[in-house]
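Enquirer: Here you go, one structure.
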Amino acid sequence: GAGVSQSPRYKVAKRGQDVALRCDPISGHVSLFWYQQALGQGPEFLTYFQNEAQLDKSGLPSDRFFAERPEGSVSTLKIQRTQQEDSAVYLCASSLVDRGRARTQYFGPGTRLLVL
Amino acid sequence: QKEVEQNSGPLSVPEGAIASLNCTYSDRGSQSFFWYRQYSGKSPELIMSIYSNGDKEDGRFTAQLNKASQYVSLLIRDSQPSDSATYLCAVIPYGGATNKLIFGTGTLLAVQP
């Protein structure tokens with residue numbers, strides 16, 4: 001079946017511009033994660049949804065970052081007033097609902113954001 | 001101290017050799033451990049998961065876990081040039097309600113033909 005999809009794949013923004021990144025998880029996957037990967041680093045957790053509920057947003061770096069998943073499927077990560085340090089690859093991952101042992105997270109192709 | 005530590009490499013091995021990738025973690029209560037492979041410009045893909053002490057084998061890959069030493073490793077037998085990639089170690093720390101992954105910085109593996 002179809003994997004996790006993300007759009008746009010590339011985004012160039014001027015500093016101060018708002019951007020919106022979309023994630024379409026695997027059908028039926030209840031859990032959805034957003035990660036940020038800077039060049040040469042491992043992905044870092046941003047936020048987690050179970051269905052439409054945002055259960056953990058402890059990784060969001062500032063109040064300029066906002067995520068939503070209103071119908072429990074597609075999710076959008078919004079960054080307001082972008083700064084150069086926001087330049088990174090934003091990865092979305094989805095998994096089946098967590099029961100006991102942690103489920104495999106499947107990653108989308110990522111959105112590469114460059115802030116000039 | 002980072003929660004998950006890996007040698008960034010590059011680790012260079014000849015084709016056909018065994019590649020050994022290592023990872024240490026700081027949360028002693030961690031229960032779930034993963035190895036992801038990431039090709040340049042691509043997203044991470046799961047290679048192995050391991051939850052119990054000991055070895056777990058899958059084809060040319062073997063994951064090893066030692067919770068007492070807080071150490072997890074990945075062995076790749078008969079390394080191929082197509083194995084050249086960054087290998088990310090990831091851990092789910094104890095007590096997390098969300099199963100978020102904590103990643104190391106990754107080890108770059110280069111298999112020389």
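Please note that chains go A, B, ... in the order of the structure tokens, that every chain numbers its residues from 1, and that ligands are numbered from 1 in the order shown.
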If you count only C-alpha atoms, which residues fall within 6 Å of range 29-40 of chain A, apart from same-chain ones fewer than 3 positions away, as a PDB file with C-alpha atoms, in the first residue's frame?
Expert:
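Full text of around19.pdb as output:
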ATOM      1  CA  ILE A  26      -0.391   5.454   6.115  1.00  0.00           C
ATOM      2  CA  PRO A  43      16.109  13.361  13.662  1.00  0.00           C
ATOM      3  CA  GLU A  44      14.798  15.162  16.738  1.00  0.00           C
ATOM      4  CA  PHE A  45      11.273  14.705  18.027  1.00  0.00           C
ATOM      5  CA  LEU A  46       8.897  17.636  17.685  1.00  0.00           C
ATOM      6  CA  THR A  47       5.377  16.456  18.429  1.00  0.00           C
ATOM      7  CA  TYR A  48       3.056  13.436  18.585  1.00  0.00           C
ATOM      8  CA  PHE A  49      -0.597  12.847  17.738  1.00  0.00           C
ATOM      9  CA  GLN A  50      -2.843   9.947  18.573  1.00  0.00           C
ATOM     10  CA  ASN A  51      -5.770  10.364  16.227  1.00  0.00           C
ATOM     11  CA  ALA A  88      16.166  21.532   8.188  1.00  0.00           C
ATOM     12  CA  VAL A  89      14.398  18.468   6.877  1.00  0.00           C
ATOM     13  CA  TYR A  90      11.028  17.936   8.523  1.00  0.00           C
ATOM     14  CA  LEU A  91      10.101  14.261   8.725  1.00  0.00           C
ATOM     15  CA  CYS A  92       6.709  12.805   9.422  1.00  0.00           C
ATOM     16  CA  ALA A  93       6.292   9.237  10.656  1.00  0.00           C
ATOM     17  CA  SER A  94       3.241   7.132  11.377  1.00  0.00           C
ATOM     18  CA  SER A  95       2.605   3.875  13.177  1.00  0.00           C
ATOM     19  CA  LEU A  96      -0.189   1.642  14.333  1.00  0.00           C
ATOM     20  CA  VAL A  97      -1.630   2.368  17.740  1.00  0.00           C
TER      21      VAL A  97
END
Enquirer: Check the DSSP output for the backbone and give back, as a PyMOL selection string, the residues of range 51-109 of chain A in strand (DSSP E).
Expert: chain A and resi 53-56+65-68+75-79+88-95+106-107
Enquirer: Could you tell me which residues of chain A sit within 6 Å of chain B when counting only C-alpha atoms, and give me the result as a short mmCIF file (atom, residue, chain, number, x, y, z; two decimals) with C-alpha atoms, in the first residue's frame?
Expert:
data_model
loop_
_atom_site.label_atom_id
_atom_site.label_comp_id
_atom_site.auth_asym_id
_atom_site.auth_seq_id
_atom_site.Cartn_x
_atom_site.Cartn_y
_atom_site.Cartn_z
CA GLN A 41 22.32 15.18 12.80
CA GLY A 42 19.82 12.53 13.72
CA PRO A 109 10.29 11.38 2.39
#
Enquirer: Near Ser69 in chain B, within 12 Å and counting only C-alpha atoms, which residues show up once chain neighbours fewer than 5 positions away are dropped, as a ChimeraX atom specification?
Expert: /B:23-29,53,64
Enquirer: Compile the contact shell of range 60-75 of chain A as a list in words: residues with an atom at most 7 Å away, counting only C-alpha atoms, same-chain residues fewer than 2 positions apart removed.
Expert: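 Those residues are Arg22, Cys23, Asp24, Pro25, Leu46, Thr47, Asn51, Glu52, Lys57, Ser58, Leu77, Lys78, Ile79, Gln80 and Arg81 of chain A.
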Enquirer: Can you work out the spacing between CA of Gly54 in chain B and CA of Leu75 in chain B in Å, to one decimal?
Expert: 12.9 Å
Enquirer: Near Thr62 in chain B, counting only C-alpha atoms, which residues have an atom at most 8 Å away, once you skip same-chain residues fewer than 3 positions from it, shown as a list in words?
Expert: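 Close residues of Thr62 in chain B: Asp55, Lys56, Glu57, Asp58, Gly59, Leu74, Leu75 and Ile76 of chain B.
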Enquirer: So that I can see what lies close to Ser73 in chain B, please list as number ranges by chain the residues with an atom at most 8 Å from it, counting only C-alpha atoms and leaving out residues fewer than 5 positions away in the same chain.
Expert: B: 20-23, 63-65
